[in-house]
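Data from target01.tsv: TSV, C-alpha atoms
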chain	number	residue	atom	x	y	z
A	1	MET	CA	-79.54	-169.49	-30.76
A	2	ALA	CA	-80.70	-166.70	-33.04
A	3	THR	CA	-83.18	-166.98	-35.87
A	4	VAL	CA	-82.43	-165.15	-39.10
A	5	LEU	CA	-84.53	-164.24	-42.11
A	6	TYR	CA	-83.17	-164.98	-45.56
A	7	PRO	CA	-85.49	-163.09	-47.94
A	8	GLY	CA	-85.51	-163.32	-51.72
A	9	SER	CA	-87.61	-164.13	-54.73
A	10	PHE	CA	-85.88	-167.51	-55.18
A	11	ASP	CA	-87.14	-167.81	-58.77
A	12	PRO	CA	-85.61	-170.39	-58.67
A	13	ILE	CA	-83.56	-171.26	-55.61
A	14	HIS	CA	-80.02	-172.29	-56.59
A	15	LEU	CA	-76.81	-173.61	-55.06
A	16	GLY	CA	-75.60	-170.12	-54.15
A	17	HIS	CA	-78.77	-169.58	-52.12
A	18	LEU	CA	-78.27	-172.93	-50.40
A	19	ASP	CA	-74.71	-171.96	-49.53
A	20	VAL	CA	-76.04	-168.89	-47.71
A	21	VAL	CA	-78.61	-171.03	-45.86
A	22	GLU	CA	-75.87	-173.48	-44.80
A	23	GLN	CA	-73.63	-170.66	-43.56
A	24	ALA	CA	-76.51	-169.03	-41.68
A	25	LEU	CA	-77.37	-172.34	-40.02
A	26	GLU	CA	-73.77	-172.80	-38.93
A	27	LEU	CA	-73.67	-169.31	-37.40
A	28	PHE	CA	-77.19	-168.91	-36.04
A	29	GLY	CA	-78.85	-172.35	-35.91
A	30	SER	CA	-82.24	-171.28	-37.24
A	31	VAL	CA	-83.15	-169.80	-40.63
A	32	VAL	CA	-86.44	-168.72	-42.17
A	33	VAL	CA	-86.17	-168.73	-45.96
A	34	ALA	CA	-88.85	-166.29	-47.07
A	35	ALA	CA	-90.03	-166.15	-50.65
A	36	MET	CA	-90.97	-162.51	-50.91
A	37	HIS	CA	-93.70	-161.59	-53.32
A	38	ASN	CA	-95.75	-158.65	-54.45
A	39	PRO	CA	-99.34	-159.81	-55.03
A	40	SER	CA	-99.92	-156.99	-57.52
A	41	LYS	CA	-97.02	-158.03	-59.78
A	42	PRO	CA	-96.47	-161.15	-61.89
A	43	SER	CA	-94.59	-163.86	-60.03
A	44	GLY	CA	-91.88	-164.57	-62.62
A	45	LEU	CA	-91.20	-168.02	-64.04
A	46	PHE	CA	-92.54	-170.02	-61.11
A	47	THR	CA	-95.64	-169.43	-59.06
A	48	LEU	CA	-95.25	-168.70	-55.38
A	49	ASP	CA	-96.46	-172.21	-54.49
A	50	GLU	CA	-93.94	-173.78	-56.89
A	51	ARG	CA	-91.12	-171.69	-55.43
A	52	LEU	CA	-92.10	-172.64	-51.88
A	53	ALA	CA	-92.18	-176.34	-52.79
A	54	MET	CA	-88.76	-176.15	-54.46
A	55	ILE	CA	-87.28	-174.27	-51.50
A	56	ASP	CA	-88.73	-176.75	-49.02
A	57	GLU	CA	-87.34	-179.72	-50.93
A	58	ALA	CA	-83.94	-178.06	-51.41
A	59	VAL	CA	-83.49	-177.21	-47.71
A	60	ALA	CA	-84.85	-180.51	-46.35
A	61	PRO	CA	-81.37	-182.15	-46.11
A	62	LEU	CA	-80.14	-179.18	-44.04
A	63	ARG	CA	-82.64	-179.76	-41.25
A	64	GLY	CA	-81.81	-181.69	-38.10
A	65	ASP	CA	-78.97	-181.90	-35.59
A	66	GLY	CA	-80.43	-178.88	-33.80
A	67	ARG	CA	-80.67	-176.88	-37.03
A	68	GLU	CA	-84.02	-175.47	-38.04
A	69	VAL	CA	-84.97	-174.26	-41.50
A	70	ARG	CA	-88.45	-172.93	-42.06
A	71	VAL	CA	-89.91	-171.83	-45.36
A	72	ALA	CA	-92.40	-168.98	-45.58
A	73	ALA	CA	-94.00	-166.64	-48.08
A	74	PHE	CA	-94.37	-162.98	-47.34
A	75	PRO	CA	-95.78	-160.05	-49.29
A	76	GLY	CA	-94.20	-156.66	-48.81
A	77	LEU	CA	-91.11	-155.59	-46.94
A	78	ALA	CA	-88.42	-157.87	-45.52
A	79	VAL	CA	-88.37	-155.84	-42.28
A	80	ASP	CA	-92.08	-156.55	-41.83
A	81	ALA	CA	-91.45	-160.24	-42.49
A	82	SER	CA	-88.63	-160.21	-39.94
A	83	ARG	CA	-90.85	-158.63	-37.33
A	84	GLU	CA	-93.85	-160.89	-38.03
A	85	LEU	CA	-91.78	-164.08	-38.20
A	86	GLY	CA	-89.85	-163.18	-35.04
A	87	THR	CA	-86.36	-163.24	-36.53
A	88	ASP	CA	-83.35	-161.52	-34.98
A	89	PHE	CA	-81.53	-160.48	-38.15
A	90	ILE	CA	-81.78	-160.49	-41.92
A	91	VAL	CA	-79.03	-162.36	-43.78
A	92	LYS	CA	-77.99	-161.60	-47.32
A	93	GLY	CA	-75.48	-163.36	-49.52
A	94	LEU	CA	-72.78	-161.38	-51.29
A	95	ARG	CA	-71.25	-162.53	-54.56
A	96	THR	CA	-69.48	-159.37	-55.74
A	97	GLY	CA	-68.67	-155.82	-54.73
A	98	GLY	CA	-71.70	-154.72	-56.71
A	99	ASP	CA	-73.91	-156.85	-54.47
A	100	PHE	CA	-72.39	-155.13	-51.44
A	101	GLU	CA	-73.27	-151.65	-52.72
A	102	VAL	CA	-76.91	-152.57	-53.30
A	103	GLU	CA	-77.28	-154.60	-50.10
A	104	GLN	CA	-75.54	-152.00	-47.92
A	105	GLN	CA	-77.97	-149.28	-48.98
A	106	MET	CA	-80.90	-151.60	-48.29
A	107	ALA	CA	-79.45	-152.70	-44.94
A	108	GLN	CA	-78.93	-149.14	-43.75
A	109	THR	CA	-82.45	-148.20	-44.80
A	110	ASN	CA	-83.89	-151.25	-43.01
A	111	TYR	CA	-82.01	-150.38	-39.83
A	112	VAL	CA	-83.06	-146.72	-39.84
A	113	ALA	CA	-86.68	-147.51	-40.76
A	114	ALA	CA	-87.24	-150.55	-38.57
A	115	GLY	CA	-84.19	-151.23	-36.38
A	116	VAL	CA	-83.50	-154.53	-38.15
A	117	ARG	CA	-79.83	-155.38	-38.67
A	118	THR	CA	-78.47	-157.20	-41.71
A	119	VAL	CA	-75.63	-159.72	-41.68
A	120	TYR	CA	-73.73	-160.38	-44.92
A	121	LEU	CA	-72.46	-163.82	-45.81
A	122	PRO	CA	-69.97	-164.18	-48.65
A	123	CYS	CA	-70.81	-166.85	-51.17
A	124	LYS	CA	-68.30	-169.62	-51.82
A	125	PRO	CA	-65.99	-168.53	-54.66
A	126	ALA	CA	-67.06	-171.49	-56.80
A	127	LEU	CA	-70.67	-170.24	-56.70
A	128	VAL	CA	-70.32	-166.47	-57.20
A	129	PHE	CA	-71.37	-166.58	-60.86
A	130	ILE	CA	-74.76	-168.17	-60.22
A	131	SER	CA	-77.90	-166.07	-60.50
A	132	SER	CA	-81.54	-167.02	-60.89
A	133	ARG	CA	-81.85	-164.73	-63.91
A	134	PHE	CA	-79.02	-166.52	-65.74
A	135	ILE	CA	-80.42	-169.91	-64.78
A	136	ARG	CA	-83.82	-169.00	-66.24
A	137	GLU	CA	-82.19	-167.69	-69.42
A	138	ILE	CA	-80.00	-170.76	-69.94
A	139	ALA	CA	-82.89	-173.16	-69.21
A	140	LYS	CA	-85.16	-171.27	-71.60
A	141	TYR	CA	-82.82	-172.14	-74.46
A	142	GLY	CA	-82.30	-175.73	-73.38
A	143	GLY	CA	-78.91	-175.27	-71.76
A	144	ASP	CA	-77.57	-177.40	-68.92
A	145	VAL	CA	-78.03	-175.80	-65.48
A	146	SER	CA	-77.56	-179.00	-63.48
A	147	ALA	CA	-74.35	-177.71	-61.85
A	148	MET	CA	-76.16	-174.63	-60.53
A	149	VAL	CA	-79.41	-175.91	-59.04
A	150	PRO	CA	-80.60	-178.68	-56.72
A	151	PRO	CA	-82.29	-181.69	-58.39
A	152	ALA	CA	-85.83	-180.55	-57.48
A	153	VAL	CA	-85.26	-177.27	-59.30
A	154	LEU	CA	-83.68	-178.95	-62.31
A	155	SER	CA	-86.74	-181.12	-62.85
A	156	GLN	CA	-89.04	-178.10	-62.56
A	157	LEU	CA	-86.94	-176.13	-65.06
A	158	GLN	CA	-87.04	-179.03	-67.50
A	159	ARG	CA	-90.86	-179.01	-67.32
A	160	ALA	CA	-91.24	-175.21	-67.33
A	161	THR	CA	-93.05	-173.36	-70.07
A	162	PHE	CA	-91.15	-170.21	-71.00
A	163	ASP	CA	-92.89	-167.26	-72.63

Give the structure from this file in structure tokens form.
Amino acid sequence: MATVLYPGSFDPIHLGHLDVVEQALELFGSVVVAAMHNPSKPSGLFTLDERLAMIDEAVAPLRGDGREVRVAAFPGLAVDASRELGTDFIVKGLRTGGDFEVEQQMAQTNYVAAGVRTVYLPCKPALVFISSRFIREIAKYGGDVSAMVPPAVLSQLQRATFD
């Protein structure tokens, strides 16, 4: 069984992210979902602690039956997180060809710089439109995002204070 790192800002985590976690569990058996953060930059809509709590609640049903999902926070580079957390690969979800172009450049750089390989997992077609940025935007104006996020995230978005 391999352990993979799934890095991202997860601001907030959504159903597309959970699809990638589910696929990674099926293939590898163990996933570390790492909320990456830069301590010198603002955290976005949700604080790091809020994001970690939402991730933990969202992935809780995926644990068990020999499947392990850990949640971590890490400042800095994903390759450093992979090394420190003892993961075998980085996994990234792909929604569109544009995602592939960005992720491929990052994956090649990570491999050359640190020897860490990246595995791409295509998102389910029904979820390819979902992005955290769009979710934040829709929620800011009172729109319904319930079909895009897990219940724990929906309740946080409904209580959020947008600038």

Could the residues of region 31-143 of chain A that have an atom at most 10 Å from region 153-161 of chain A be listed as JSON lines, each with its closest atom pair and the distance in Å to one decimal, counting all atoms listed in the file and ordered by chain and ascending residue number?
{"residue": "A:Leu45", "atom": "CA", "partner": "A:Ala160", "partner_atom": "CA", "distance": 7.9}
{"residue": "A:Phe46", "atom": "CA", "partner": "A:Ala160", "partner_atom": "CA", "distance": 8.2}
{"residue": "A:Glu50", "atom": "CA", "partner": "A:Gln156", "partner_atom": "CA", "distance": 8.6}
{"residue": "A:Arg51", "atom": "CA", "partner": "A:Val153", "partner_atom": "CA", "distance": 9.0}
{"residue": "A:Ala53", "atom": "CA", "partner": "A:Val153", "partner_atom": "CA", "distance": 9.5}
{"residue": "A:Met54", "atom": "CA", "partner": "A:Val153", "partner_atom": "CA", "distance": 6.1}
{"residue": "A:Ile55", "atom": "CA", "partner": "A:Val153", "partner_atom": "CA", "distance": 8.6}
{"residue": "A:Glu57", "atom": "CA", "partner": "A:Val153", "partner_atom": "CA", "distance": 9.0}
{"residue": "A:Ala58", "atom": "CA", "partner": "A:Val153", "partner_atom": "CA", "distance": 8.0}
{"residue": "A:Ile135", "atom": "CA", "partner": "A:Leu157", "partner_atom": "CA", "distance": 9.0}
{"residue": "A:Arg136", "atom": "CA", "partner": "A:Leu157", "partner_atom": "CA", "distance": 7.9}
{"residue": "A:Ala139", "atom": "CA", "partner": "A:Leu157", "partner_atom": "CA", "distance": 6.5}
{"residue": "A:Lys140", "atom": "CA", "partner": "A:Thr161", "partner_atom": "CA", "distance": 8.3}
{"residue": "A:Gly142", "atom": "CA", "partner": "A:Gln158", "partner_atom": "CA", "distance": 8.2}
{"residue": "A:Gly143", "atom": "CA", "partner": "A:Gln158", "partner_atom": "CA", "distance": 9.9}

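Shortest separation to Arg117 (chain A) among A:Val31, A:Ile130, A:Ile90, A:Met148 occurs at residue A:Ile90, atoms counted being all atoms listed in the file.
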
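The gap separating CA of His14 (chain A) from CA of Val145 (chain A) is 9.8 Å, in Å to one decimal.
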
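Proximity to Gly86 (chain A) was assessed for A:Gly66, A:Val32, A:Arg133, A:Asp163 counting only C-alpha atoms; the smallest distance is recorded for A:Val32.
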
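Residues within 6 Å of region 8-12 of chain A, counting only C-alpha atoms and excluding same-chain residues fewer than 6 positions away, are A:Ala35, A:Met36, A:Ser132.
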
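One finds CA of Val116 (chain A) at 15.3 Å from CA of Gly76 (chain A).
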
Checklist entry - Which neighbours of Gly29 (chain A) fall inside 8 Å, counting all atoms listed in the file, when residues of the same chain fewer than 2 positions from it are skipped, and could you give them as a count of residues only? => result 11

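CA of Arg83 (chain A) is found 26.4 Å from CA of Arg95 (chain A).
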
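When all atoms listed in the file are used to measure the gap to Phe74 (chain A), the shortest distance among A:Gly115, A:Pro125, A:Gly16, A:Pro39 belongs to A:Pro39.
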
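Distances to Asn38 (chain A) were evaluated for A:Leu77, A:Gln23, A:Asp144, A:Gln108 using only C-alpha atoms, and the minimum falls at A:Leu77.
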
Checklist entry - Skipping near chain neighbours, those fewer than 2 positions away, what residues fall within 12 Å of Lys92 (chain A) using all atoms listed in the file, listed as a PyMOL selection string? => result chain A and resi 4-8+16-21+23-24+31+33-34+78+89-90+94-95+99-100+102-104+106-107+117-123

Next on the checklist: From the options A:Gly97, A:Ala73, A:Glu22, A:Asp56, which residue's atoms come nearest to Ala152 (chain A), counting all atoms listed in the file?
Outcome noted: A:Asp56

Write region 71-107 of chain A as a JSON list (two decimals), keeping the file's coordinate frame, completed to N, CA and C atoms.
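Once written, part.json looks like this:
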[["chain", "number", "residue", "atom", "x", "y", "z"],
["A", 71, "VAL", "N", -89.65, -172.47, -44.08],
["A", 71, "VAL", "CA", -89.91, -171.83, -45.36],
["A", 71, "VAL", "C", -91.22, -171.07, -45.23],
["A", 72, "ALA", "N", -91.21, -169.82, -45.70],
["A", 72, "ALA", "CA", -92.40, -168.98, -45.58],
["A", 72, "ALA", "C", -92.56, -168.13, -46.84],
["A", 73, "ALA", "N", -93.74, -167.62, -47.03],
["A", 73, "ALA", "CA", -94.00, -166.64, -48.08],
["A", 73, "ALA", "C", -94.41, -165.36, -47.39],
["A", 74, "PHE", "N", -94.00, -164.24, -47.96],
["A", 74, "PHE", "CA", -94.37, -162.98, -47.34],
["A", 74, "PHE", "C", -94.50, -161.90, -48.41],
["A", 75, "PRO", "N", -95.63, -161.18, -48.38],
["A", 75, "PRO", "CA", -95.78, -160.05, -49.29],
["A", 75, "PRO", "C", -95.21, -158.80, -48.62],
["A", 76, "GLY", "N", -94.63, -157.93, -49.39],
["A", 76, "GLY", "CA", -94.20, -156.66, -48.81],
["A", 76, "GLY", "C", -92.74, -156.60, -48.44],
["A", 77, "LEU", "N", -92.47, -155.92, -47.34],
["A", 77, "LEU", "CA", -91.11, -155.59, -46.94],
["A", 77, "LEU", "C", -90.45, -156.68, -46.09],
["A", 78, "ALA", "N", -89.17, -156.88, -46.31],
["A", 78, "ALA", "CA", -88.42, -157.87, -45.52],
["A", 78, "ALA", "C", -88.42, -157.51, -44.04],
["A", 79, "VAL", "N", -88.36, -156.22, -43.70],
["A", 79, "VAL", "CA", -88.37, -155.84, -42.28],
["A", 79, "VAL", "C", -89.69, -156.21, -41.62],
["A", 80, "ASP", "N", -90.78, -156.13, -42.37],
["A", 80, "ASP", "CA", -92.08, -156.55, -41.83],
["A", 80, "ASP", "C", -92.12, -158.06, -41.66],
["A", 81, "ALA", "N", -91.54, -158.78, -42.62],
["A", 81, "ALA", "CA", -91.45, -160.24, -42.49],
["A", 81, "ALA", "C", -90.61, -160.61, -41.28],
["A", 82, "SER", "N", -89.50, -159.93, -41.08],
["A", 82, "SER", "CA", -88.63, -160.21, -39.94],
["A", 82, "SER", "C", -89.39, -160.01, -38.63],
["A", 83, "ARG", "N", -90.09, -158.92, -38.54],
["A", 83, "ARG", "CA", -90.85, -158.63, -37.33],
["A", 83, "ARG", "C", -91.96, -159.67, -37.11],
["A", 84, "GLU", "N", -92.72, -159.95, -38.15],
["A", 84, "GLU", "CA", -93.85, -160.89, -38.03],
["A", 84, "GLU", "C", -93.39, -162.32, -37.75],
["A", 85, "LEU", "N", -92.27, -162.72, -38.36],
["A", 85, "LEU", "CA", -91.78, -164.08, -38.20],
["A", 85, "LEU", "C", -90.88, -164.23, -36.97],
["A", 86, "GLY", "N", -90.61, -163.13, -36.29],
["A", 86, "GLY", "CA", -89.85, -163.18, -35.04],
["A", 86, "GLY", "C", -88.37, -163.47, -35.23],
["A", 87, "THR", "N", -87.78, -162.99, -36.31],
["A", 87, "THR", "CA", -86.36, -163.24, -36.53],
["A", 87, "THR", "C", -85.52, -162.13, -35.91],
["A", 88, "ASP", "N", -84.26, -162.45, -35.63],
["A", 88, "ASP", "CA", -83.35, -161.52, -34.98],
["A", 88, "ASP", "C", -82.58, -160.64, -35.96],
["A", 89, "PHE", "N", -82.30, -161.18, -37.13],
["A", 89, "PHE", "CA", -81.53, -160.48, -38.15],
["A", 89, "PHE", "C", -82.03, -160.89, -39.52],
["A", 90, "ILE", "N", -81.63, -160.11, -40.52],
["A", 90, "ILE", "CA", -81.78, -160.49, -41.92],
["A", 90, "ILE", "C", -80.39, -160.91, -42.40],
["A", 91, "VAL", "N", -80.30, -161.98, -43.16],
["A", 91, "VAL", "CA", -79.03, -162.36, -43.78],
["A", 91, "VAL", "C", -79.15, -162.20, -45.29],
["A", 92, "LYS", "N", -78.05, -161.76, -45.87],
["A", 92, "LYS", "CA", -77.99, -161.60, -47.32],
["A", 92, "LYS", "C", -76.66, -162.16, -47.80],
["A", 93, "GLY", "N", -76.69, -162.85, -48.92],
["A", 93, "GLY", "CA", -75.48, -163.36, -49.52],
["A", 93, "GLY", "C", -74.84, -162.33, -50.42],
["A", 94, "LEU", "N", -73.52, -162.30, -50.43],
["A", 94, "LEU", "CA", -72.78, -161.38, -51.29],
["A", 94, "LEU", "C", -71.93, -162.19, -52.26],
["A", 95, "ARG", "N", -72.07, -161.88, -53.54],
["A", 95, "ARG", "CA", -71.25, -162.53, -54.56],
["A", 95, "ARG", "C", -70.11, -161.61, -55.01],
["A", 96, "THR", "N", -70.44, -160.33, -55.18],
["A", 96, "THR", "CA", -69.48, -159.37, -55.74],
["A", 96, "THR", "C", -69.56, -158.06, -54.99],
["A", 97, "GLY", "N", -68.62, -157.17, -55.30],
["A", 97, "GLY", "CA", -68.67, -155.82, -54.73],
["A", 97, "GLY", "C", -69.93, -155.08, -55.10],
["A", 98, "GLY", "N", -70.45, -155.34, -56.29],
["A", 98, "GLY", "CA", -71.70, -154.72, -56.71],
["A", 98, "GLY", "C", -72.86, -155.13, -55.81],
["A", 99, "ASP", "N", -72.88, -156.40, -55.41],
["A", 99, "ASP", "CA", -73.91, -156.85, -54.47],
["A", 99, "ASP", "C", -73.81, -156.06, -53.17],
["A", 100, "PHE", "N", -72.57, -155.84, -52.70],
["A", 100, "PHE", "CA", -72.39, -155.13, -51.44],
["A", 100, "PHE", "C", -72.99, -153.73, -51.51],
["A", 101, "GLU", "N", -72.75, -153.02, -52.59],
["A", 101, "GLU", "CA", -73.27, -151.65, -52.72],
["A", 101, "GLU", "C", -74.79, -151.62, -52.62],
["A", 102, "VAL", "N", -75.45, -152.52, -53.32],
["A", 102, "VAL", "CA", -76.91, -152.57, -53.30],
["A", 102, "VAL", "C", -77.42, -152.99, -51.92],
["A", 103, "GLU", "N", -76.83, -154.05, -51.39],
["A", 103, "GLU", "CA", -77.28, -154.60, -50.10],
["A", 103, "GLU", "C", -76.99, -153.65, -48.94],
["A", 104, "GLN", "N", -75.88, -152.93, -49.00],
["A", 104, "GLN", "CA", -75.54, -152.00, -47.92],
["A", 104, "GLN", "C", -76.56, -150.87, -47.84],
["A", 105, "GLN", "N", -76.96, -150.35, -48.97],
["A", 105, "GLN", "CA", -77.97, -149.28, -48.98],
["A", 105, "GLN", "C", -79.28, -149.80, -48.39],
["A", 106, "MET", "N", -79.67, -151.01, -48.80],
["A", 106, "MET", "CA", -80.90, -151.60, -48.29],
["A", 106, "MET", "C", -80.79, -151.87, -46.79],
["A", 107, "ALA", "N", -79.65, -152.39, -46.35],
["A", 107, "ALA", "CA", -79.45, -152.70, -44.94],
["A", 107, "ALA", "C", -79.52, -151.45, -44.08]]
